[in-house]
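Data block for final.cif (mmCIF, C-alpha atoms):
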```cif
data_final
#
loop_
_atom_site.label_atom_id
_atom_site.label_comp_id
_atom_site.auth_asym_id
_atom_site.auth_seq_id
_atom_site.Cartn_x
_atom_site.Cartn_y
_atom_site.Cartn_z
CA MET T 1 15.71 8.40 1.17
CA ASN T 2 15.71 4.76 0.11
CA PRO T 3 18.09 3.43 -2.57
CA LYS T 4 15.42 3.54 -5.26
CA HIS T 5 14.66 7.19 -4.61
CA PHE T 6 18.36 7.97 -4.52
CA ALA T 7 18.88 6.20 -7.85
CA LEU T 8 15.98 8.02 -9.48
CA GLY T 9 17.22 11.33 -8.15
CA ALA T 10 20.66 10.59 -9.49
CA VAL T 11 19.20 9.78 -12.92
CA VAL T 12 17.33 13.09 -12.96
CA ALA T 13 20.40 15.01 -11.91
CA ALA T 14 22.66 13.27 -14.37
CA THR T 15 20.21 13.69 -17.25
CA VAL T 16 19.76 17.40 -16.65
CA ALA T 17 23.41 18.04 -15.93
CA VAL T 18 24.81 16.09 -18.86
CA THR T 19 22.37 17.80 -21.20
CA GLN T 20 23.47 21.15 -19.90
CA VAL T 21 27.17 20.41 -20.03
CA ASN T 22 27.07 18.95 -23.54
CA ALA T 23 24.97 21.84 -24.77
CA ALA T 24 27.91 24.18 -24.53
CA HIS T 25 29.57 22.26 -27.34
CA ALA T 26 26.50 21.86 -29.54
CA GLN T 27 25.46 23.66 -32.68
CA ASP T 28 22.46 26.02 -32.87
CA ALA T 29 21.26 25.17 -36.38
CA GLU T 30 18.46 22.75 -37.27
CA PRO T 31 20.11 19.68 -35.91
CA PRO T 32 19.78 16.06 -37.06
CA PHE T 33 19.40 15.01 -33.44
CA ILE T 34 17.99 16.63 -30.29
CA ASN T 35 18.74 15.29 -26.83
CA VAL T 36 16.19 16.18 -24.15
CA GLY T 37 16.30 15.53 -20.41
CA SER T 38 13.51 16.68 -18.13
CA TYR T 39 12.15 16.59 -14.62
CA ALA T 40 8.48 15.67 -14.39
CA ILE T 41 5.65 15.87 -11.92
CA ALA T 42 2.54 13.81 -12.53
CA PHE T 43 -1.11 13.93 -11.58
CA PRO T 44 -2.75 10.53 -11.06
CA LEU T 45 -5.96 9.61 -12.86
CA GLY T 46 -8.28 6.63 -12.74
CA ASP T 47 -6.75 3.50 -11.23
CA THR T 48 -3.57 5.40 -10.50
CA ARG T 49 -5.50 7.86 -8.35
CA ASN T 50 -7.45 5.06 -6.70
CA PHE T 51 -4.22 3.51 -5.48
CA VAL T 52 -2.16 6.65 -4.82
CA PRO T 53 -4.12 9.90 -4.76
CA ASN T 54 -1.06 12.11 -4.32
CA VAL T 55 0.74 14.10 -7.00
CA SER T 56 4.02 12.48 -7.94
CA TRP T 57 6.93 14.87 -7.50
CA PHE T 58 9.45 12.31 -8.54
CA GLY T 59 9.85 11.68 -12.24
CA ALA T 60 12.34 11.94 -15.05
CA ASN T 61 12.22 11.66 -18.82
CA TRP T 62 14.81 11.32 -21.53
CA GLU T 63 14.04 11.78 -25.21
CA GLY T 64 16.05 11.49 -28.36
CA GLN T 65 14.58 13.11 -31.47
CA TRP T 66 15.69 12.82 -35.07
CA ARG T 67 14.72 15.14 -37.90
CA TYR T 68 12.23 13.35 -40.13
CA LYS T 69 10.76 16.14 -42.28
CA PRO T 70 11.20 19.91 -42.15
CA LYS T 71 8.52 20.27 -39.47
CA THR T 72 8.44 16.77 -38.08
CA SER T 73 10.69 14.78 -35.78
CA VAL T 74 10.54 11.19 -34.67
CA GLY T 75 12.26 9.70 -31.68
CA VAL T 76 12.21 7.62 -28.57
CA SER T 77 11.13 8.57 -25.07
CA LEU T 78 12.02 6.91 -21.78
CA GLY T 79 10.18 7.92 -18.62
CA LEU T 80 10.05 6.96 -14.97
CA GLN T 81 7.43 8.23 -12.54
CA ASP T 82 7.05 7.30 -8.90
CA PHE T 83 3.73 7.72 -7.06
CA PHE T 84 3.93 7.31 -3.29
CA ASP T 85 1.53 7.60 -0.40
CA GLN T 86 1.91 6.83 3.28
CA THR T 87 -1.02 7.02 5.64
CA ARG T 88 -1.80 6.12 9.21
CA GLY T 89 -5.48 5.55 9.54
CA THR T 90 -8.21 2.99 8.92
CA THR T 91 -8.91 1.37 5.58
CA THR T 92 -12.07 -0.69 5.27
CA PHE T 93 -12.30 -3.67 2.96
CA SER T 94 -15.26 -5.90 2.17
CA SER T 95 -13.90 -8.60 4.46
CA GLY T 96 -12.54 -6.46 7.26
CA ALA T 97 -10.48 -3.40 8.06
CA VAL T 98 -6.93 -2.36 8.77
CA THR T 99 -5.70 0.40 11.04
CA GLY T 100 -2.07 1.43 11.11
CA GLN T 101 0.67 2.68 8.90
CA GLN T 102 0.19 1.78 5.25
CA SER T 103 2.53 2.59 2.40
CA ARG T 104 1.52 2.51 -1.25
CA GLU T 105 3.90 2.98 -4.12
CA LEU T 106 3.43 2.81 -7.86
CA LEU T 107 6.48 2.92 -10.07
CA LEU T 108 5.66 3.47 -13.74
CA GLY T 109 8.27 3.13 -16.44
CA THR T 110 7.42 3.99 -20.04
CA ILE T 111 9.21 3.51 -23.32
CA MET T 112 7.66 4.99 -26.42
CA GLY T 113 8.26 5.89 -29.98
CA ILE T 114 7.25 9.51 -30.40
CA GLY T 115 6.47 11.81 -33.28
CA ARG T 116 6.25 15.61 -33.08
CA TYR T 117 5.02 18.32 -35.37
CA TYR T 118 6.48 21.82 -35.09
CA PRO T 119 4.30 24.38 -36.93
CA GLY T 120 6.92 27.13 -36.50
CA PRO T 121 9.75 27.95 -38.89
CA THR T 122 12.43 26.03 -36.98
CA LEU T 123 12.39 22.32 -36.27
CA GLY T 124 12.59 21.68 -32.55
CA ARG T 125 11.61 25.22 -31.56
CA GLY T 126 8.32 26.85 -30.59
CA PHE T 127 5.00 25.16 -30.03
CA TYR T 128 4.65 21.50 -30.88
CA ALA T 129 2.13 18.68 -30.71
CA GLY T 130 3.14 15.08 -30.48
CA LEU T 131 1.97 11.55 -30.02
CA GLY T 132 3.79 8.69 -28.36
CA ALA T 133 3.00 4.99 -28.50
CA GLY T 134 4.75 2.16 -26.75
CA GLY T 135 4.65 0.31 -23.46
CA GLN T 136 4.46 0.89 -19.75
CA PHE T 137 5.82 -1.34 -16.99
CA ALA T 138 3.98 -0.87 -13.72
CA GLN T 139 5.28 -2.05 -10.36
CA GLN T 140 2.86 -1.79 -7.44
CA TYR T 141 3.84 -2.07 -3.78
CA TYR T 142 1.77 -2.17 -0.61
CA GLN T 143 3.17 -2.37 2.89
CA LEU T 144 1.20 -2.75 6.09
CA GLY T 145 2.98 -2.04 9.35
CA VAL T 146 6.49 -3.42 9.31
CA THR T 147 5.82 -6.46 7.15
CA ASN T 148 7.52 -7.06 3.84
CA PRO T 149 5.88 -5.15 1.00
CA ILE T 150 3.47 -7.00 -1.26
CA GLY T 151 4.18 -6.35 -4.93
CA ARG T 152 2.40 -6.78 -8.25
CA SER T 153 3.56 -5.83 -11.70
CA ALA T 154 2.50 -6.01 -15.33
CA PHE T 155 3.22 -4.61 -18.76
CA HIS T 156 0.73 -2.39 -20.56
CA LEU T 157 0.47 -0.90 -24.01
CA ALA T 158 0.50 2.88 -23.76
CA ILE T 159 -0.35 5.91 -25.84
CA ALA T 160 0.53 9.49 -24.94
CA PRO T 161 -0.66 12.63 -26.73
CA GLU T 162 1.26 15.71 -25.76
CA VAL T 163 1.72 19.41 -26.35
CA GLY T 164 4.65 21.58 -25.47
CA VAL T 165 6.80 24.53 -26.23
CA VAL T 166 10.52 24.86 -26.79
CA THR T 167 12.29 28.14 -26.32
CA PRO T 168 16.00 28.92 -26.71
CA ILE T 169 17.82 30.11 -23.62
CA MET T 170 21.41 30.12 -24.89
CA GLU T 171 23.44 28.85 -27.78
CA GLY T 172 22.78 25.15 -28.26
CA LEU T 173 20.48 24.92 -25.25
CA ASP T 174 16.68 25.19 -25.20
CA ALA T 175 14.14 25.03 -22.41
CA VAL T 176 11.35 22.54 -22.93
CA PHE T 177 7.92 22.60 -21.29
CA THR T 178 5.67 19.61 -21.92
CA ALA T 179 2.21 18.43 -20.90
CA ARG T 180 1.51 14.79 -21.63
CA PHE T 181 -1.42 12.48 -21.00
CA THR T 182 -0.43 8.83 -20.70
CA ALA T 183 -3.17 6.22 -21.11
CA THR T 184 -2.62 2.47 -21.02
CA THR T 185 -4.44 -0.73 -21.76
CA SER T 186 -5.99 -2.53 -18.80
CA ASN T 187 -3.88 -5.51 -17.85
CA GLY T 188 -2.36 -7.49 -14.98
CA ASP T 189 -3.62 -8.87 -11.69
CA TYR T 190 -3.00 -6.11 -9.19
CA LEU T 191 -3.64 -5.76 -5.48
CA GLY T 192 -7.31 -5.92 -4.75
CA GLY T 193 -7.78 -8.27 -7.68
CA GLY T 194 -8.09 -7.74 -11.39
CA ALA T 195 -6.58 -5.67 -14.15
CA ARG T 196 -5.73 -2.00 -13.90
CA SER T 197 -4.97 0.86 -16.25
CA PHE T 198 -2.59 3.41 -14.76
CA LYS T 199 -3.23 6.79 -16.36
CA PHE T 200 -1.61 10.06 -15.46
CA ILE T 201 -0.88 13.56 -16.71
CA THR T 202 2.73 14.68 -16.72
CA ILE T 203 4.04 18.22 -16.57
CA ALA T 204 7.72 18.28 -17.44
CA VAL T 205 10.41 20.93 -17.51
CA GLY T 206 13.66 20.12 -19.18
CA MET T 207 16.61 21.07 -21.31
CA ALA T 208 17.16 20.24 -24.97
CA GLU T 209 20.62 19.94 -26.43
CA ARG T 210 20.73 20.78 -30.11
CA MET F 1 34.01 25.34 -17.57
CA ALA F 2 33.21 26.98 -14.25
CA GLY F 3 29.70 27.75 -15.47
CA ASN F 4 29.11 24.14 -16.45
CA PHE F 5 30.30 23.01 -13.04
CA VAL F 6 27.92 25.41 -11.31
CA ARG F 7 25.01 24.15 -13.43
CA LEU F 8 25.97 20.55 -12.73
CA LEU F 9 26.19 21.24 -9.00
CA GLY F 10 22.90 23.10 -8.99
CA ALA F 11 21.08 20.37 -10.85
CA THR F 12 22.51 17.70 -8.56
CA VAL F 13 21.52 19.53 -5.39
CA ALA F 14 18.04 20.21 -6.73
CA ALA F 15 17.47 16.62 -7.74
CA LEU F 16 18.83 14.90 -4.67
CA LEU F 17 17.59 17.25 -1.97
CA LEU F 18 14.50 19.03 -3.22
CA MET F 19 12.54 16.20 -4.78
CA PRO F 20 12.63 13.66 -1.92
CA ALA F 21 11.54 16.45 0.41
CA CYS F 22 8.29 16.64 -1.52
CA TYR F 23 7.16 13.33 -0.07
CA GLY F 24 4.65 13.79 2.70
CA THR F 25 3.53 11.56 5.54
CA ASP F 26 -0.14 11.70 6.28
CA SER F 27 -0.60 11.00 9.96
CA ASN F 28 -4.17 11.24 11.06
CA SER F 29 -7.07 9.85 13.01
CA VAL F 30 -5.15 7.24 14.98
CA ALA F 31 -4.37 7.55 18.66
CA PRO F 32 -0.63 7.85 19.35
CA ASN F 33 -0.74 4.97 21.84
CA LEU F 34 -2.21 2.61 19.27
CA PRO F 35 -0.05 -0.39 18.39
CA GLY F 36 1.49 -0.81 14.96
CA VAL F 37 -1.40 -2.42 13.15
CA VAL F 38 -4.95 -3.46 14.02
CA ILE F 39 -6.44 -5.79 11.45
CA THR F 40 -9.90 -7.33 11.51
CA VAL F 41 -11.51 -9.85 9.22
CA VAL F 42 -15.18 -10.76 9.12
CA ASP F 43 -17.65 -13.13 7.51
CA GLN F 44 -20.70 -10.91 7.17
CA GLY F 45 -23.03 -13.78 6.35
CA PRO F 46 -26.28 -14.79 8.05
CA ALA F 47 -24.40 -16.73 10.76
CA LEU F 48 -23.01 -13.54 12.23
CA ALA F 49 -26.30 -11.76 11.88
CA SER F 50 -28.17 -14.50 13.74
CA ALA F 51 -25.67 -14.92 16.59
CA THR F 52 -26.62 -13.18 19.82
CA THR F 53 -24.85 -14.98 22.67
CA PHE F 54 -21.18 -15.48 23.40
CA ALA F 55 -18.80 -17.18 25.77
CA LEU F 56 -15.37 -15.83 26.61
CA PRO F 57 -12.92 -18.00 28.58
CA ASP F 58 -10.87 -16.13 31.15
CA THR F 59 -7.66 -17.26 29.56
CA VAL F 60 -5.18 -15.59 27.28
CA VAL F 61 -3.38 -18.44 25.58
CA GLU F 62 0.26 -18.16 24.67
CA VAL F 63 1.15 -19.03 21.13
CA PRO F 64 3.33 -20.99 20.84
CA LEU F 65 2.13 -22.88 23.86
CA GLY F 66 4.44 -22.71 26.86
CA SER F 67 6.66 -20.00 25.46
CA ASN F 68 6.43 -18.20 28.82
CA THR F 69 7.56 -14.95 27.31
CA ILE F 70 4.41 -12.98 27.96
CA ASP F 71 3.66 -11.05 31.08
CA HIS F 72 0.13 -12.13 32.01
CA GLN F 73 -0.51 -9.16 34.26
CA SER F 74 -2.70 -7.67 31.54
CA ASP F 75 -4.82 -10.77 30.97
CA GLN F 76 -7.74 -9.82 33.18
CA GLN F 77 -7.95 -6.34 31.75
CA ILE F 78 -7.76 -7.64 28.19
CA VAL F 79 -10.51 -10.21 28.75
CA ALA F 80 -12.62 -7.67 30.60
CA SER F 81 -12.23 -5.18 27.79
CA VAL F 82 -13.34 -7.68 25.15
CA ARG F 83 -16.30 -8.72 27.29
CA ALA F 84 -17.29 -5.10 27.90
CA HIS F 85 -17.20 -4.30 24.20
CA MET F 86 -19.32 -7.32 23.32
CA THR F 87 -21.99 -6.57 25.90
CA ALA F 88 -21.98 -2.90 24.93
CA LEU F 89 -22.69 -3.98 21.36
CA GLY F 90 -25.73 -5.92 22.55
CA TRP F 91 -24.38 -9.45 22.80
CA GLN F 92 -25.45 -11.65 25.70
CA ASP F 93 -22.72 -13.22 27.81
CA VAL F 94 -23.53 -16.82 28.79
CA GLY F 95 -20.66 -17.01 31.26
CA THR F 96 -17.65 -19.26 31.39
CA ASN F 97 -19.39 -22.53 32.19
CA ARG F 98 -18.23 -25.06 29.61
CA GLY F 99 -21.68 -26.61 29.63
CA ALA F 100 -23.17 -23.44 28.24
CA THR F 101 -24.35 -23.29 24.65
CA PRO F 102 -23.37 -19.92 23.26
CA ASP F 103 -23.78 -19.03 19.60
CA VAL F 104 -20.16 -17.97 19.34
CA VAL F 105 -17.01 -18.49 21.37
CA LEU F 106 -14.39 -15.79 21.67
CA LEU F 107 -10.83 -16.99 22.20
CA ILE F 108 -7.93 -14.70 22.99
CA ALA F 109 -4.26 -15.47 22.45
CA ALA F 110 -1.00 -13.61 22.71
CA ASN F 111 1.48 -14.46 20.02
CA THR F 112 5.22 -14.25 20.42
CA ARG F 113 6.28 -15.33 16.96
CA ILE F 114 5.59 -14.33 13.39
CA GLN F 115 2.42 -16.07 12.28
CA THR F 116 0.55 -15.78 9.02
CA GLY F 117 -3.20 -15.71 8.81
CA VAL F 118 -5.74 -16.52 11.48
CA ALA F 119 -5.24 -20.25 12.15
CA TYR F 120 -3.52 -20.85 15.46
CA PHE F 121 -3.17 -24.56 16.02
CA ASP F 122 -1.44 -24.10 19.35
CA TRP F 123 -4.76 -23.15 20.88
CA PHE F 124 -5.86 -26.78 20.83
CA GLY F 125 -2.87 -27.75 22.93
CA ALA F 126 -3.61 -24.96 25.38
CA TRP F 127 -6.96 -26.39 26.35
CA GLY F 128 -6.42 -30.02 25.39
CA TYR F 129 -9.40 -29.46 23.17
CA LEU F 130 -11.34 -26.40 22.23
CA PRO F 131 -13.76 -25.42 24.96
CA TYR F 132 -17.47 -25.72 24.22
CA TRP F 133 -16.97 -28.25 21.43
CA GLY F 134 -15.83 -31.29 23.40
CA PRO F 135 -13.06 -33.84 22.79
CA ALA F 136 -14.33 -34.67 19.31
CA VAL F 137 -12.84 -31.41 18.13
CA ASP F 138 -9.14 -32.08 18.41
CA GLY F 139 -5.97 -30.62 17.01
CA GLY F 140 -6.79 -31.91 13.55
CA TRP F 141 -9.47 -29.26 13.24
CA ALA F 142 -9.01 -25.77 11.94
CA TRP F 143 -11.23 -22.79 11.45
CA GLY F 144 -12.27 -21.47 8.12
CA VAL F 145 -11.14 -18.02 7.12
CA PRO F 146 -13.72 -15.64 5.67
CA ALA F 147 -13.64 -15.39 1.90
CA GLY F 148 -11.54 -12.49 0.72
CA ALA F 149 -9.48 -12.25 3.90
CA VAL F 150 -5.93 -11.22 3.10
CA PRO F 151 -3.19 -13.35 4.71
CA TYR F 152 -1.11 -11.17 6.96
CA ALA F 153 2.16 -12.01 8.68
CA PHE F 154 1.69 -10.89 12.27
CA GLN F 155 4.90 -9.89 13.96
CA ALA F 156 5.90 -11.18 17.33
CA GLY F 157 3.89 -9.45 20.00
CA THR F 158 0.34 -9.76 18.80
CA ILE F 159 -2.97 -10.18 20.57
CA LEU F 160 -5.35 -12.34 18.60
CA ILE F 161 -9.09 -12.42 19.19
CA THR F 162 -11.12 -15.01 17.34
CA MET F 163 -14.91 -15.36 17.19
CA LEU F 164 -15.87 -18.93 16.29
CA ASP F 165 -19.33 -20.18 15.39
CA ARG F 166 -20.15 -22.92 17.88
CA ARG F 167 -23.36 -23.87 16.03
CA ALA F 168 -21.86 -24.78 12.68
CA GLU F 169 -18.94 -27.14 13.05
CA GLU F 170 -18.25 -29.15 9.90
CA PRO F 171 -17.13 -32.69 10.92
CA THR F 172 -16.34 -33.86 7.41
CA LEU F 173 -13.98 -30.97 6.79
CA LYS F 174 -12.93 -30.74 10.46
CA ARG F 175 -13.53 -27.06 10.22
CA ILE F 176 -15.11 -24.50 12.52
CA PRO F 177 -16.42 -21.35 10.84
CA LEU F 178 -14.65 -18.20 11.89
CA LEU F 179 -17.02 -15.26 11.96
CA TRP F 180 -14.68 -12.49 13.07
CA ALA F 181 -11.06 -12.11 14.09
CA ALA F 182 -8.86 -9.30 15.23
CA GLY F 183 -5.10 -9.07 15.32
CA ILE F 184 -3.56 -6.29 17.36
CA ASP F 185 0.02 -6.19 16.26
CA GLY F 186 2.99 -4.79 18.10
CA VAL F 187 1.39 -4.97 21.55
CA VAL F 188 3.00 -7.64 23.65
CA THR F 189 6.30 -6.28 24.83
CA ASN F 190 8.18 -6.03 28.06
CA THR F 191 7.49 -2.34 28.39
CA ALA F 192 5.16 -0.84 30.92
CA SER F 193 2.86 0.44 28.20
CA THR F 194 1.79 -3.05 27.16
CA THR F 195 -1.60 -2.93 28.87
CA GLU F 196 -2.44 0.55 27.68
CA ARG F 197 -1.52 -0.27 24.09
CA ALA F 198 -3.38 -3.56 24.18
CA LEU F 199 -6.55 -1.91 25.42
CA ALA F 200 -6.24 0.87 22.85
CA GLY F 201 -5.86 -1.76 20.15
CA ILE F 202 -8.90 -3.69 21.36
CA ASP F 203 -10.92 -0.46 21.34
CA GLN F 204 -9.83 0.14 17.75
CA ALA F 205 -10.61 -3.45 16.69
CA PHE F 206 -14.20 -3.09 17.83
CA ALA F 207 -14.47 0.46 16.53
CA GLN F 208 -13.63 -0.70 13.01
CA SER F 209 -16.11 -3.61 13.24
CA PRO F 210 -19.55 -1.96 13.24
CA TYR F 211 -21.17 -5.13 11.91
CA LEU F 212 -20.83 -6.70 15.38
CA MET F 213 -23.44 -4.35 16.76
CA LYS F 214 -26.66 -6.01 17.95
CA VAL F 215 -28.35 -2.93 19.35
CA GLN F 216 -28.83 0.54 18.02
CA LEU F 217 -26.79 2.96 20.06
CA PRO F 218 -28.58 6.17 21.09
#
```

Could you show the structure in this file as structure tokens?
Amino acid sequence: MNPKHFALGAVVAATVAVTQVNAAHAQDAEPPFINVGSYAIAFPLGDTRNFVPNVSWFGANWEGQWRYKPKTSVGVSLGLQDFFDQTRGTTTFSSGAVTGQQSRELLLGTIMGIGRYYPGPTLGRGFYAGLGAGGQFAQQYYQLGVTNPIGRSAFHLAIAPEVGVVTPIMEGLDAVFTARFTATTSNGDYLGGGARSFKFITIAVGMAER
Amino acid sequence: MAGNFVRLLGATVAALLLMPACYGTDSNSVAPNLPGVVITVVDQGPALASATTFALPDTVVEVPLGSNTIDHQSDQQIVASVRAHMTALGWQDVGTNRGATPDVVLLIAANTRIQTGVAYFDWFGAWGYLPYWGPAVDGGWAWGVPAGAVPYAFQAGTILITMLDRRAEEPTLKRIPLLWAAGIDGVVTNTASTTERALAGIDQAFAQSPYLMKVQLP
């Protein structure tokens, strides 16, 4: 486990744990603020899949939501997702080929403003549909053999429609299940040349403190 | 309070132990005795397509020159392996006579320092001048790298094979076109497996370079 993985794991643990611990002291009415921490896996799409085809098992999200209208909340969402792949084989390029151990990593951080609509009787409970808009910072790494990794990074505009369901599990504490599609603008000058758009679908399970 | 502690502990254990374990390592299709990295670059233009003859000096040059840190016991086997691969691919060997006029010249070096790219100026010092070109081609010359080739920092312990186009030297630029190059990284060591790993790496370098083939294999 490298320091980055350790740090991300610690963030996930702290987010989930603090949410759980604070929930014991929270109220169970329609709250002015909802604090959500979640663990997320992600499925790569498009350029993300071209660079790292594997499912990402390493992701975390934090969201803060404020009551806006009786059935609507607005808030902010922070997310971090790490896609990683390590292979030992041959990769062929237009100008040659490489055989050996290759590591690819794509670290995607998102920050979005997010709005949600809850059709049920209670704000922050039951089925919801939402839409996020904001930015994504993408950091791309490639390592061949034992050389220093080559890195590229860029900032993208992002939009993320989502659906989910929130169900109470104890006083002041809800379970949250979310499916989110994150699409970005094409930008940057990444490995292999040119701009990329790193899309992915996230499935998240978390806890909401009310 | 105790319940909160249990939840906190459970979440911490799950996050720190379970998630990193989900990372997998995909090891496949590469022989276990293969060196760390085998990288090849090529210029797949008409010059390579039209070349049919080669010369291969019986020398493995040390880079840097005179470093004397390489065991040359493997040299004959390395040169023989490269020659065998070339002839098997349909190339014609013109021998080692410096008066010969091959289409391409293959030069082999063993590198004991970190070196980026495929320009090895120490080779000029090894021969005094590059064989087959004559004294006019001195240390001020370099060879051109194929377009799109990615610079790569070879670690110490690398075998380098370079295929140079003898027909197309560019006096104004002092440049010799490089048609193909292979770097077999992590080979040259003091261990007994050096020869075996070097030969496995050479096999892989030619295996991942199908464009060198001049004959159709049955």

Subject >> Shell around range 68-79 of chain T at 10 Å using only C-alpha atoms, local window under 2 positions removed, as an MDAnalysis selection string >> reply: chainID T and resid 30 32:40 59:66 81 108:125 128:134 136

Original post:
If you count only C-alpha atoms, which residues fall within 12 Å of range 210-212 of chain F, apart from same-chain ones fewer than 6 positions away, as a count of residues only?
Top reply: 34

Original post:
Between CA of Arg167 in chain F and CA of Trp127 in chain F, what is the distance, to one decimal in Å?
Top reply: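 Value for the CA of Arg167 in chain F-CA of Trp127 in chain F distance: 19.5 Å.
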
Original post:
For the file shown, what are the residues hit by the PyMOL selection byres ((chain F and resi 178) around 7), laid out as a list in words?
Top reply: Trp143, Gly144, Val145, Pro146, Met163, Leu164, Asp165, Ile176, Pro177, Leu179 and Trp180 of chain F

Take the residues from that selection and put them in a file with C-alpha atoms, as a PDB file, in the frame of the given file.
```
ATOM      1  CA  TRP F 143     -11.230 -22.790  11.450  1.00  0.00           C
ATOM      2  CA  GLY F 144     -12.270 -21.470   8.120  1.00  0.00           C
ATOM      3  CA  VAL F 145     -11.140 -18.020   7.120  1.00  0.00           C
ATOM      4  CA  PRO F 146     -13.720 -15.640   5.670  1.00  0.00           C
ATOM      5  CA  MET F 163     -14.910 -15.360  17.190  1.00  0.00           C
ATOM      6  CA  LEU F 164     -15.870 -18.930  16.290  1.00  0.00           C
ATOM      7  CA  ASP F 165     -19.330 -20.180  15.390  1.00  0.00           C
ATOM      8  CA  ILE F 176     -15.110 -24.500  12.520  1.00  0.00           C
ATOM      9  CA  PRO F 177     -16.420 -21.350  10.840  1.00  0.00           C
ATOM     10  CA  LEU F 179     -17.020 -15.260  11.960  1.00  0.00           C
ATOM     11  CA  TRP F 180     -14.680 -12.490  13.070  1.00  0.00           C
TER      12      TRP F 180
END
```

Subject >> Target residues per the PyMOL selection byres ((chain T and resi 197) around 6), formatted as a PyMOL selection string >> reply: chain T and resi 47+184-186+196+198

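CA of Tyr141 in chain T sits 8.8 Å away from CA of Ser153 in chain T.
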
Original post:
Which residues match the PyMOL selection byres ((chain T and resi 174) around 10) in the file above, as number ranges by chain?
Top reply: T: 20, 23, 28, 36, 124-125, 165-173, 175-177, 206-210

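The coordinates place CA of Asn50 in chain T at 14.6 Å from CA of Gln102 in chain T.
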
**OP:** Have a look at T:Ala154, T:Leu80, T:Val52, T:Ile41 and name the one nearest to Gly194 in chain T; count all atoms listed in the file.
**Re:**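 Checking each candidate against Gly194 in chain T, we get T:Ala154 as the closest.
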
**OP:** Compare T:Arg180, T:Arg104, T:His156, T:Arg67 by their minimum atom-to-atom distance to Ala204 in chain T, counting only C-alpha atoms, and give me the closest one.
**Re:** T:Arg180

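For the set T:Gly126, T:Pro161, T:Pro149, T:Pro31, the residue with the smallest atom-to-atom gap to chain F is T:Pro149, counting only C-alpha atoms.
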
Subject >> For Phe127 in chain T, the nearest of the candidates T:Ser56, T:Thr178, T:Thr48, T:Gln101, counting only C-alpha atoms >> reply: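 Among the listed residues, T:Thr178 lies closest to Phe127 in chain T.
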
Original post:
If you count only C-alpha atoms, which residues fall within 6 Å of Gln139 in chain T, apart from same-chain ones fewer than 3 positions away, as a PyMOL selection string?
Top reply: chain T and resi 106-107+152-153

Original post:
Looking at F:Ile78, F:Leu130, F:Ala182, F:Ile161, which one is nearest to chain T, with distances taken over all atoms listed in the file?
Top reply: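 Among the listed residues, the smallest separation from chain T belongs to F:Ala182.
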
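Across T:Phe200, T:Ala195, T:Thr87, T:Val98, the tightest approach to Phe206 in chain F is made by T:Val98 when counting all atoms listed in the file.
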
Missing atoms in range 90-101 of chain T need filling: write out N, CA and C atoms for it as an mmCIF file, in the frame of the given file.
```cif
data_model
loop_
_atom_site.group_PDB
_atom_site.id
_atom_site.type_symbol
_atom_site.label_atom_id
_atom_site.label_comp_id
_atom_site.auth_asym_id
_atom_site.auth_seq_id
_atom_site.Cartn_x
_atom_site.Cartn_y
_atom_site.Cartn_z
ATOM 1 N N THR T 90 -7.451 4.232 9.105
ATOM 2 C CA THR T 90 -8.210 2.990 8.920
ATOM 3 C C THR T 90 -8.653 2.855 7.477
ATOM 4 N N THR T 91 -8.407 1.696 6.908
ATOM 5 C CA THR T 91 -8.910 1.370 5.580
ATOM 6 C C THR T 91 -9.868 0.193 5.717
ATOM 7 N N THR T 92 -11.053 0.351 5.166
ATOM 8 C CA THR T 92 -12.070 -0.690 5.270
ATOM 9 C C THR T 92 -12.171 -1.470 3.972
ATOM 10 N N PHE T 93 -12.132 -2.777 4.103
ATOM 11 C CA PHE T 93 -12.300 -3.670 2.960
ATOM 12 C C PHE T 93 -13.628 -4.423 3.119
ATOM 13 N N SER T 94 -14.009 -5.154 2.089
ATOM 14 C CA SER T 94 -15.260 -5.900 2.170
ATOM 15 C C SER T 94 -15.202 -6.990 3.227
ATOM 16 N N SER T 95 -14.015 -7.502 3.502
ATOM 17 C CA SER T 95 -13.900 -8.600 4.460
ATOM 18 C C SER T 95 -13.208 -8.176 5.750
ATOM 19 N N GLY T 96 -13.159 -6.890 6.017
ATOM 20 C CA GLY T 96 -12.540 -6.460 7.260
ATOM 21 C C GLY T 96 -12.010 -5.054 7.168
ATOM 22 N N ALA T 97 -11.046 -4.750 8.024
ATOM 23 C CA ALA T 97 -10.480 -3.400 8.060
ATOM 24 C C ALA T 97 -9.065 -3.469 8.607
ATOM 25 N N VAL T 98 -8.300 -2.452 8.301
ATOM 26 C CA VAL T 98 -6.930 -2.360 8.770
ATOM 27 C C VAL T 98 -6.697 -0.956 9.306
ATOM 28 N N THR T 99 -6.098 -0.878 10.486
ATOM 29 C CA THR T 99 -5.700 0.400 11.040
ATOM 30 C C THR T 99 -4.203 0.359 11.307
ATOM 31 N N GLY T 100 -3.511 1.373 10.880
ATOM 32 C CA GLY T 100 -2.070 1.430 11.110
ATOM 33 C C GLY T 100 -1.382 2.120 9.952
ATOM 34 N N GLN T 101 -0.088 2.044 9.964
ATOM 35 C CA GLN T 101 0.670 2.680 8.900
ATOM 36 C C GLN T 101 0.637 1.836 7.630
#
```
